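Enquirer: This is the structure I have questions about; it appears just below.
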Amino acid sequence: MPYYKLLTSDERDELLGHVQVFLKEKDFEGCGGLEITDEIRLTIAAQACLLLLHRDTDYFPLLTSILVYPSHYFALSSKSLPGGLVQEEIEARQGESWGRGPIVLSWDDVLHGAADPRDGHNVVFHEFAHQLDGESGATEGAPILPSTTMYTAWARVLGREYRRLLDDLRRKHHNVIDAYGATNPAEFFAVVTEAFFEKPRQLKSRHPELYAQMVSFFRQDPAHRSASDAS
């Protein structure tokens with residue numbers, strides 16, 4: 001986990017403490033013939049617990065277990081069509097998060113996301129952001145915020161930036177936020193979490209108010225870490 005090198009010594013100590021609790025509380029299960037090893041457990045736990053630094057919160061209380069496949073896996077998906085029809089299809093997935101159930105991850109994609117802390121893609125950050133989102137009672141891009149006074153600004157800023165992403169995609173304009181965030185507000189929050197930790201300086205430069213909201217929620221400033229590392 002190269003991101004570990006960007007942390008201060010105090011942050012490393014805090015992270016390791018969180019990891020120990022996480023590993024005691026959460027169950028891991030190998031799927032598709034994968035044998036769970038300490039490497040798998042630690043790599044996933046360290047990335048997940050990075051989202052908890054400096055925050056007064058529990059250890060993903062809605063999460064029951066973590067299912068890990070060797071690589072991308074296939075699942076049945078369905079979507080509603082006009083006329084009350086439902087279309088079902090098999091799709092390949094890197095991960096998914098259930099509100100009151102497990103997180104499912106592809107080990108190959110976990111490794112890929114951990115190896116490059118600057119590419120903007122991290123399946124662990126993404127799926128565990130959904131867990132944080134769901135702690136509010138619904139997965140809709142509005143997690144439990146540190147203060148009730150934050151909700152108005154959160155809704156205003158994230159709503160505006162979500163609409164901006166939709167508009168940029170329609171106009172074929174570049175946006176530092178991945179296009180998958182346009183799926184719905186819940187996916188927007190998860191994708192922005194990936195960008196916040198992996199492309200913080202770009203996010204801060206192009207979306208300063210959005211970046212500020214994420215700093216307030218996560219109690220971290222990855223752009224400062226990234227700038228210090230560069231210097």
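Convention: chains lettered A, B, ... in structure tokens order; per-chain residue numbering from 1; ligands numbered from 1 as shown.
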Tell me, which residues of stretch 93-172 of chain A carry DSSP strand (DSSP E or B), written as a VMD selection string?

Expert: chain A and resid 93 95 to 97 103 to 106

Enquirer: With a distance cut-off of 10 Å and only C-alpha atoms, select the neighbouring residues of stretch 37-52 of chain A, excluding the residue or stretch itself and same-chain residues fewer than 6 positions from it, and output the selection as a PyMOL selection string.

Expert: chain A and resi 1+3-4+7+11-12+14-23+26-30+58-60+66+68+105+107+110-111+113-114+122-129+132+193+197+217-220

Enquirer: Just C-alpha atoms for this one: save the residues we selected as an mmCIF file, in the first residue's frame.

Expert:
data_model
loop_
_atom_site.group_PDB
_atom_site.id
_atom_site.type_symbol
_atom_site.label_atom_id
_atom_site.label_comp_id
_atom_site.auth_asym_id
_atom_site.auth_seq_id
_atom_site.Cartn_x
_atom_site.Cartn_y
_atom_site.Cartn_z
ATOM 1 C CA MET A 1 0.000 0.000 0.000
ATOM 2 C CA TYR A 3 -0.271 5.411 0.150
ATOM 3 C CA TYR A 4 0.994 4.452 3.617
ATOM 4 C CA LEU A 7 1.049 9.464 6.073
ATOM 5 C CA GLU A 11 -1.335 8.795 11.165
ATOM 6 C CA ARG A 12 0.482 5.506 10.557
ATOM 7 C CA GLU A 14 -3.591 5.484 14.131
ATOM 8 C CA LEU A 15 -4.119 3.507 10.933
ATOM 9 C CA LEU A 16 -2.433 0.411 12.331
ATOM 10 C CA GLY A 17 -4.632 0.610 15.411
ATOM 11 C CA HIS A 18 -7.746 0.808 13.248
ATOM 12 C CA VAL A 19 -6.539 -2.125 11.165
ATOM 13 C CA GLN A 20 -6.135 -4.337 14.229
ATOM 14 C CA VAL A 21 -9.708 -3.640 15.336
ATOM 15 C CA PHE A 22 -11.040 -4.086 11.794
ATOM 16 C CA LEU A 23 -9.360 -7.475 11.411
ATOM 17 C CA LYS A 26 -14.706 -8.470 10.190
ATOM 18 C CA ASP A 27 -14.869 -11.888 8.551
ATOM 19 C CA PHE A 28 -13.193 -12.596 5.216
ATOM 20 C CA GLU A 29 -14.325 -15.344 2.863
ATOM 21 C CA GLY A 30 -12.612 -16.510 -0.294
ATOM 22 C CA ASP A 58 -17.397 3.104 14.260
ATOM 23 C CA TYR A 59 -15.782 0.442 12.098
ATOM 24 C CA PHE A 60 -18.319 0.144 9.291
ATOM 25 C CA ILE A 66 -15.972 -9.324 2.994
ATOM 26 C CA VAL A 68 -13.072 -11.839 -2.172
ATOM 27 C CA LEU A 105 -14.211 -7.468 -4.045
ATOM 28 C CA TRP A 107 -8.490 -9.345 -5.450
ATOM 29 C CA VAL A 110 -7.773 -4.539 -5.047
ATOM 30 C CA LEU A 111 -4.077 -5.000 -5.832
ATOM 31 C CA GLY A 113 -5.984 -0.005 -6.913
ATOM 32 C CA ALA A 114 -3.496 -0.201 -4.073
ATOM 33 C CA ASN A 122 -9.481 2.268 -6.012
ATOM 34 C CA VAL A 123 -12.192 -0.344 -5.612
ATOM 35 C CA VAL A 124 -11.730 -0.555 -1.824
ATOM 36 C CA PHE A 125 -12.177 3.199 -1.352
ATOM 37 C CA HIS A 126 -15.206 3.045 -3.631
ATOM 38 C CA GLU A 127 -17.054 0.182 -1.968
ATOM 39 C CA PHE A 128 -16.275 1.260 1.586
ATOM 40 C CA ALA A 129 -17.468 4.774 0.722
ATOM 41 C CA LEU A 132 -20.126 5.097 5.007
ATOM 42 C CA THR A 193 -14.003 9.599 -2.601
ATOM 43 C CA PHE A 197 -7.637 10.383 -2.023
ATOM 44 C CA PHE A 217 -16.195 14.952 6.207
ATOM 45 C CA PHE A 218 -13.012 12.863 6.140
ATOM 46 C CA ARG A 219 -10.967 15.173 8.395
ATOM 47 C CA GLN A 220 -8.026 14.759 6.033
#

Enquirer: Skipping near chain neighbours, those fewer than 3 positions away, what residues fall within 7 Å of stretch 144-149 of chain A using only C-alpha atoms, listed as a PyMOL selection string?

Expert: chain A and resi 135-136+152+217

Enquirer: For the residues in that selection, give me C-alpha atoms as a PDB file, in the first residue's frame.

Expert:
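Wrote result.pdb, looks like this:
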ATOM      1  CA  GLU A 135     -24.789   4.489   7.731  1.00  0.00           C
ATOM      2  CA  SER A 136     -27.285   7.351   7.385  1.00  0.00           C
ATOM      3  CA  THR A 152     -27.255  22.289   3.674  1.00  0.00           C
ATOM      4  CA  PHE A 217     -16.195  14.952   6.207  1.00  0.00           C
TER       5      PHE A 217
END

Enquirer: Could you check which of A:Gly181, A:Pro222, A:Pro102, A:Gly159 is closest to A:Arg201, using only C-alpha atoms?

Expert: A:Pro222

Enquirer: Just list as a ChimeraX atom specification whatever in stretch 7-192 of chain A DSSP marks as alpha helix (DSSP H).

Expert: /A:9-25,38-50,107-115,123-134,150-171,185-192

Enquirer: Could you take the residues named above and write them with C-alpha atoms, as an mmCIF file, in the first residue's frame?

Expert:
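Below you can see part-v6.cif, which holds the result:
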data_model
loop_
_atom_site.group_PDB
_atom_site.id
_atom_site.type_symbol
_atom_site.label_atom_id
_atom_site.label_comp_id
_atom_site.auth_asym_id
_atom_site.auth_seq_id
_atom_site.Cartn_x
_atom_site.Cartn_y
_atom_site.Cartn_z
ATOM 1 C CA SER A 9 4.061 8.852 11.816
ATOM 2 C CA ASP A 10 1.039 9.644 14.005
ATOM 3 C CA GLU A 11 -1.335 8.795 11.165
ATOM 4 C CA ARG A 12 0.482 5.506 10.557
ATOM 5 C CA ASP A 13 0.106 4.576 14.216
ATOM 6 C CA GLU A 14 -3.591 5.484 14.131
ATOM 7 C CA LEU A 15 -4.119 3.507 10.933
ATOM 8 C CA LEU A 16 -2.433 0.411 12.331
ATOM 9 C CA GLY A 17 -4.632 0.610 15.411
ATOM 10 C CA HIS A 18 -7.746 0.808 13.248
ATOM 11 C CA VAL A 19 -6.539 -2.125 11.165
ATOM 12 C CA GLN A 20 -6.135 -4.337 14.229
ATOM 13 C CA VAL A 21 -9.708 -3.640 15.336
ATOM 14 C CA PHE A 22 -11.040 -4.086 11.794
ATOM 15 C CA LEU A 23 -9.360 -7.475 11.411
ATOM 16 C CA LYS A 24 -10.801 -8.673 14.717
ATOM 17 C CA GLU A 25 -14.335 -7.545 13.864
ATOM 18 C CA ASP A 38 -2.940 -12.370 5.709
ATOM 19 C CA GLU A 39 -1.820 -10.359 2.673
ATOM 20 C CA ILE A 40 -5.382 -10.184 1.385
ATOM 21 C CA ARG A 41 -6.854 -9.306 4.762
ATOM 22 C CA LEU A 42 -4.251 -6.652 5.545
ATOM 23 C CA THR A 43 -4.271 -5.014 2.099
ATOM 24 C CA ILE A 44 -8.039 -4.601 2.171
ATOM 25 C CA ALA A 45 -8.196 -3.560 5.833
ATOM 26 C CA ALA A 46 -5.496 -0.897 5.491
ATOM 27 C CA GLN A 47 -7.218 0.786 2.560
ATOM 28 C CA ALA A 48 -10.645 0.616 4.201
ATOM 29 C CA CYS A 49 -9.353 2.030 7.487
ATOM 30 C CA LEU A 50 -7.685 4.950 5.726
ATOM 31 C CA TRP A 107 -8.490 -9.345 -5.450
ATOM 32 C CA ASP A 108 -6.779 -8.449 -8.737
ATOM 33 C CA ASP A 109 -8.575 -5.097 -8.729
ATOM 34 C CA VAL A 110 -7.773 -4.539 -5.047
ATOM 35 C CA LEU A 111 -4.077 -5.000 -5.832
ATOM 36 C CA HIS A 112 -4.262 -2.749 -8.880
ATOM 37 C CA GLY A 113 -5.984 -0.005 -6.913
ATOM 38 C CA ALA A 114 -3.496 -0.201 -4.073
ATOM 39 C CA ALA A 115 -0.416 -0.265 -6.303
ATOM 40 C CA VAL A 123 -12.192 -0.344 -5.612
ATOM 41 C CA VAL A 124 -11.730 -0.555 -1.824
ATOM 42 C CA PHE A 125 -12.177 3.199 -1.352
ATOM 43 C CA HIS A 126 -15.206 3.045 -3.631
ATOM 44 C CA GLU A 127 -17.054 0.182 -1.968
ATOM 45 C CA PHE A 128 -16.275 1.260 1.586
ATOM 46 C CA ALA A 129 -17.468 4.774 0.722
ATOM 47 C CA HIS A 130 -20.825 3.134 -0.005
ATOM 48 C CA GLN A 131 -20.711 1.646 3.491
ATOM 49 C CA LEU A 132 -20.126 5.097 5.007
ATOM 50 C CA ASP A 133 -22.949 6.469 2.879
ATOM 51 C CA GLY A 134 -25.333 3.759 4.039
ATOM 52 C CA MET A 150 -23.094 20.818 7.273
ATOM 53 C CA TYR A 151 -26.048 19.199 5.529
ATOM 54 C CA THR A 152 -27.255 22.289 3.674
ATOM 55 C CA ALA A 153 -23.859 23.052 2.165
ATOM 56 C CA TRP A 154 -23.245 19.358 1.452
ATOM 57 C CA ALA A 155 -26.486 19.018 -0.507
ATOM 58 C CA ARG A 156 -25.898 22.284 -2.362
ATOM 59 C CA VAL A 157 -22.294 21.606 -3.360
ATOM 60 C CA LEU A 158 -22.560 17.897 -4.173
ATOM 61 C CA GLY A 159 -25.848 18.417 -5.991
ATOM 62 C CA ARG A 160 -24.337 21.161 -8.121
ATOM 63 C CA GLU A 161 -21.181 19.149 -8.880
ATOM 64 C CA TYR A 162 -23.241 16.079 -9.762
ATOM 65 C CA ARG A 163 -25.234 18.121 -12.275
ATOM 66 C CA ARG A 164 -21.987 19.599 -13.589
ATOM 67 C CA LEU A 165 -20.639 16.090 -14.228
ATOM 68 C CA LEU A 166 -23.807 15.169 -16.111
ATOM 69 C CA ASP A 167 -23.487 18.338 -18.192
ATOM 70 C CA ASP A 168 -19.791 17.734 -18.893
ATOM 71 C CA LEU A 169 -20.526 14.228 -20.107
ATOM 72 C CA ARG A 170 -23.294 15.479 -22.368
ATOM 73 C CA ARG A 171 -20.988 18.130 -23.814
ATOM 74 C CA PRO A 185 -25.734 10.427 -6.278
ATOM 75 C CA ALA A 186 -24.544 7.368 -4.347
ATOM 76 C CA GLU A 187 -22.045 6.439 -7.060
ATOM 77 C CA PHE A 188 -21.061 10.093 -7.313
ATOM 78 C CA PHE A 189 -20.020 10.152 -3.637
ATOM 79 C CA ALA A 190 -18.082 6.894 -4.023
ATOM 80 C CA VAL A 191 -16.259 8.078 -7.156
ATOM 81 C CA VAL A 192 -15.475 11.460 -5.585
#

Enquirer: For A:Leu203, which residue among A:Leu34, A:Ala142, A:Leu67, A:Ile177 is the nearest when counting only C-alpha atoms?

Expert: A:Ile177
